[in-house]
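Asker: Take a look at the following structure, please.
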Amino acid sequence: MSNFIQHVVDALSVGSTYALLALGLTLVFSVMNLINFAYGMMLVWSAYGAYVMLNHGVPFALMVPLCILFATFVSMAIGRVAFRPFIGAPPITLLITSFGVLLVIQYLAILFFGEEPTILSLPAFFGNVVDIGSVRVPVLELITIGTSGVVVGVFYLVLNRTAFGAQLRAAAELPDVTRLMGVKPDRVLMVAFAISGAIAGVVGLLWFAKVGAITPRSDLDPTIKAFIALVLGGLGSTRGALLGGLALGAIEVTLSATLPSSALGYQPAIVFAAVIAILILRPSGLSGTTLEPAR
Amino acid sequence: LIRPALRRDDVPGWAGLAGAVAGPLLAVGIVTGIAALFYSNDTMTEIVLLFGINAVMVVGFQVFVGNTGLVSFGHVAFMAIGAYATGIVSMDSLDKSIVLKDLPGWLAQTHFGVVPALIVGGGAAAVFALITGLALMRLSGAAASIATLGLLVITVNILSQAGRFTHGPRSIFGVPDKTNFLWVFSSLAVAVLISALYKWSRSGLRARANRDDVVAAESAGVASLRARLLPFVLSAFLTGVGGGLYGMLLTAFSPASFAIPMVVVIITMAIIGGVNSITGALAGAAVVTVLNEFLRRVENGVDIAGLHLNTPTGMSGAVLGVALILVLRWRPAGLLSAYELQFERGRDRPASIPSAAPASNPSPGGTHAGQRV
């Protein structure tokens, strides 16, 4: 039984990171149909930001908000320079554009930090383990689950209780009408990139706190996980993003707990095969919304 | 009077087909000629061979992406399968007894020549594409792109785990060093011939009809799955052959050789050249190769007007990224757009007939040329 609870906690912690990643991606997708290949690189940059600040003696409690601000700013800058000129372009053009963006910001990371892994040394309590009854839970997993809960809560508050959120939802649903109502599409886009960047800032810290070391090429894993979560849940819906992320976490943890050790090496292949199987049964994802434009 | 021209549509009839197939072959001839000039220079041989191999793979990539409009991030998987399959069947049995001790008996004995080995490589990739395509080709748009990225992840995972056949995550070595100018550029000519014949075939037309307007195509009896599956398999075959050539050029490679940087190369070549055109695939491969080579030299340091310039390694990736963005911004359909080099009869071609509208006309819903990048 305690084993089972352990797995549930694992799945929740892994799944909630994926859910946040998918949430950040889906937000931008819903306003401009962009699936951002460079999103994983945002996490890497957020982690590098944390590394630089910690190295310069910025206290941890101050570093976290600064890091999130930094990621927000970077995301808005990229959105403004690279993606804004492509508003209205077909999704595939946008996808490949983001691929180009990835190459550029990855090169900048190589330029500043080199190809060698950079160790992110966080306060010691991140590595601790607490005993809850008979279950031993790493503190980082608890922090991850807690933070994700807070982020999702704030996200929904912003989306449903602020003018920005209302404009965002309107622009996602009926862009033309929203424009006619006097909402500037540029500003909506910038708000979407800002929120998506802030989420990337948070996830970047959580992700690399777990991994421990940052390299300019460690963006691929989070990007792929976010993509899977995104299509698994259904493109363009926030509910789908959360559902897809948690489902992916559950699939991964279940597989690593149940697969015989000889098949464990094939786990990534089996996860992907499972996801493709789900997509064939439900082409528009688990949440079932079809917000992808019919072409 | 027969003259070469850039056209978007095929000329009807057998003469038109011949002209539409001969044009890209002329482009191959030009490319091969230029490559041959550089090949005589010792420092350039490897670059020329890599260019030819990349061109084979970009032509293969174009068969799928150009005709179906789906962007694949997974073609490097076919390349990897081609490289491994070609490598395994062409290796010396003595080398196999060292590197791949646990191969089943029948595979341990095979020792194929270049052509059969390349066909095995392409065939293995095609079979893999047929099996996975039955599932993947049901998806469309961005979901399909992401699923093909998944295909690459799955393939690299399996290749590193199936150590009995692939020597696992470590390098496989001892693959015969058979790739030379003749094999590379004759493969390129064959690849272009196959893709041009396919493009102007009924099946190619069905695939493009499905690309331009799914609903209209389906209501006219074009089944989406079938229309996409054949170009997928054909394209996997050509990419697999390219992978086989690549494997016999490297002679030692590991699953990690087939990763995102390889995807970057193929996609930028195809997009910059124009993904809807075979001639464009060749042009894109040439432009990116020249750009890459120039950047590589700059990375090693160059002197321009007395200034010694030296940039850190890895810059080529960033420049390719910028080039990709700029092309997509100002010429979203690529340098050659959907235009092909073709031969046409000069004299009796009427100035303009409305019914001769380009075969790849944008669908009524389409707004601009970037619609089908």
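Residues in the structure tokens are numbered from 1 in each chain, the chains being A, B, ... in the order shown, and ligands are numbered from 1 in the order shown.
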Neighbours of Leu335 (chain B) within 9 Å (only C-alpha atoms; same-chain residues fewer than 5 positions away dropped), as a ChimeraX atom specification?

Answerer: /B:271-274,280,283-284,327

Asker: Once you have the residues from the selection above, write them out as a PDB file, in the first residue's frame, restricted to N, CA, C and O atoms.

Answerer:
```
ATOM      1  N   ILE B 271      13.214  23.552 -46.404  1.00  0.00           N
ATOM      2  CA  ILE B 271      12.380  24.756 -46.298  1.00  0.00           C
ATOM      3  C   ILE B 271      13.004  25.902 -47.087  1.00  0.00           C
ATOM      4  O   ILE B 271      12.315  26.640 -47.802  1.00  0.00           O
ATOM      5  N   ILE B 272      14.319  26.059 -46.981  1.00  0.00           N
ATOM      6  CA  ILE B 272      14.958  27.178 -47.675  1.00  0.00           C
ATOM      7  C   ILE B 272      14.847  26.991 -49.186  1.00  0.00           C
ATOM      8  O   ILE B 272      14.566  27.933 -49.922  1.00  0.00           O
ATOM      9  N   GLY B 273      15.006  25.760 -49.680  1.00  0.00           N
ATOM     10  CA  GLY B 273      14.923  25.535 -51.115  1.00  0.00           C
ATOM     11  C   GLY B 273      13.506  25.637 -51.660  1.00  0.00           C
ATOM     12  O   GLY B 273      13.301  26.016 -52.797  1.00  0.00           O
ATOM     13  N   GLY B 274      12.547  25.294 -50.843  1.00  0.00           N
ATOM     14  CA  GLY B 274      11.162  25.265 -51.305  1.00  0.00           C
ATOM     15  C   GLY B 274      10.652  23.842 -51.226  1.00  0.00           C
ATOM     16  O   GLY B 274      11.009  23.012 -52.047  1.00  0.00           O
ATOM     17  N   GLY B 280      13.813  22.553 -55.955  1.00  0.00           N
ATOM     18  CA  GLY B 280      14.037  23.350 -54.753  1.00  0.00           C
ATOM     19  C   GLY B 280      14.818  22.575 -53.704  1.00  0.00           C
ATOM     20  O   GLY B 280      15.670  23.139 -53.012  1.00  0.00           O
ATOM     21  N   ALA B 283      18.342  22.770 -54.724  1.00  0.00           N
ATOM     22  CA  ALA B 283      18.854  24.126 -54.502  1.00  0.00           C
ATOM     23  C   ALA B 283      19.079  24.375 -53.015  1.00  0.00           C
ATOM     24  O   ALA B 283      20.117  24.908 -52.608  1.00  0.00           O
ATOM     25  N   GLY B 284      18.114  23.958 -52.192  1.00  0.00           N
ATOM     26  CA  GLY B 284      18.238  24.162 -50.753  1.00  0.00           C
ATOM     27  C   GLY B 284      19.445  23.435 -50.191  1.00  0.00           C
ATOM     28  O   GLY B 284      20.201  23.985 -49.386  1.00  0.00           O
ATOM     29  N   VAL B 327      13.681  33.332 -44.270  1.00  0.00           N
ATOM     30  CA  VAL B 327      13.030  32.763 -45.452  1.00  0.00           C
ATOM     31  C   VAL B 327      11.531  32.609 -45.210  1.00  0.00           C
ATOM     32  O   VAL B 327      10.707  32.964 -46.056  1.00  0.00           O
TER      33      VAL B 327
END
```

Asker: When the cut-off is 8 Å and we count only C-alpha atoms, which residues of chain A are near chain B, given as number ranges by chain?

Answerer: A: 35, 82, 85-86, 89-93, 95-97, 99-107, 110-111, 227-228, 231, 265-266, 268-270, 272-273, 276-277, 279-280, 283, 295

Asker: Looking at B:Pro12, B:Ile172, B:Gly121, B:Tyr198, which one is nearest to Asp95 (chain B), with distances taken over only C-alpha atoms?

Answerer: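 Comparing B:Pro12, B:Ile172, B:Gly121, B:Tyr198 against Asp95 (chain B), the winner is B:Ile172.
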
Asker: Between B:Ala252, B:Ala36, B:Val59, B:Leu291, single out the one closest to Ser171 (chain B), counting only C-alpha atoms.

Answerer: B:Ala252

Asker: If you run DSSP on the backbone here, which positions in region 85-170 of chain A get helix (DSSP H, G or I)? Please write them as a PyMOL selection string.

Answerer: chain A and resi 85-86+91-113+124-127+139-161+163-170

Asker: Identify, on the basis of only C-alpha atoms, every residue whose closest approach to Ala227 (chain B) does not exceed 9 Å; exclude the query and any residue fewer than 4 positions from it along the same chain; express the result as a PyMOL selection string.

Answerer: chain B and resi 68+203-210+222-223+231

Asker: I want to know what sits within 7 Å of Lys178 (chain B), based on only C-alpha atoms, with residues of the same chain fewer than 3 positions away left out; could you give that as a list in words?

Answerer: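 The neighbour list is Val114, Met248 and Leu249 of chain B.
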
Asker: Just checking: using only C-alpha atoms, which residue out of A:Ala250, A:Tyr51, A:Met63, A:Asp10 ends up closest to Val139 (chain A)?

Answerer: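 Using only C-alpha atoms, the shortest distance to Val139 (chain A) belongs to A:Asp10.
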
Asker: Return the single residue from A:Tyr18, A:Tyr156, A:Phe4, A:Phe73 that is closest to Ala247 (chain A), with distances computed using only C-alpha atoms.

Answerer: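 Selected residue with least distance to Ala247 (chain A): A:Tyr18.
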
Asker: One decimal, in Å: what's the spacing between CA of Ala171 (chain A) and CA of Ala198 (chain A)?

Answerer: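 If I compute the distance from CA of Ala171 (chain A) to CA of Ala198 (chain A), I get 20.1 Å.
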
Asker: Which polymer residues have any atom within 6 Å of an atom of region 39-42 of chain A, counting only C-alpha atoms, with same-chain residues fewer than 2 positions away left out, as JSON, numbers by chain?

Answerer: {"A": [36, 37, 44, 45, 219, 222, 223]}

Asker: Using only C-alpha atoms, which residue out of B:Ser72, B:Asn180, B:Ser186, B:Thr110 lies closest to Thr45 (chain B)?

Answerer: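 Looking at the shortest contact to Thr45 (chain B), the residue is B:Asn180.
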
Asker: Which is closer to Phe343 (chain B) than all the others in B:Leu1, B:Ile47, B:Ala20, B:Val31, using only C-alpha atoms?

Answerer: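 Using only C-alpha atoms, the shortest distance to Phe343 (chain B) belongs to B:Ala20.
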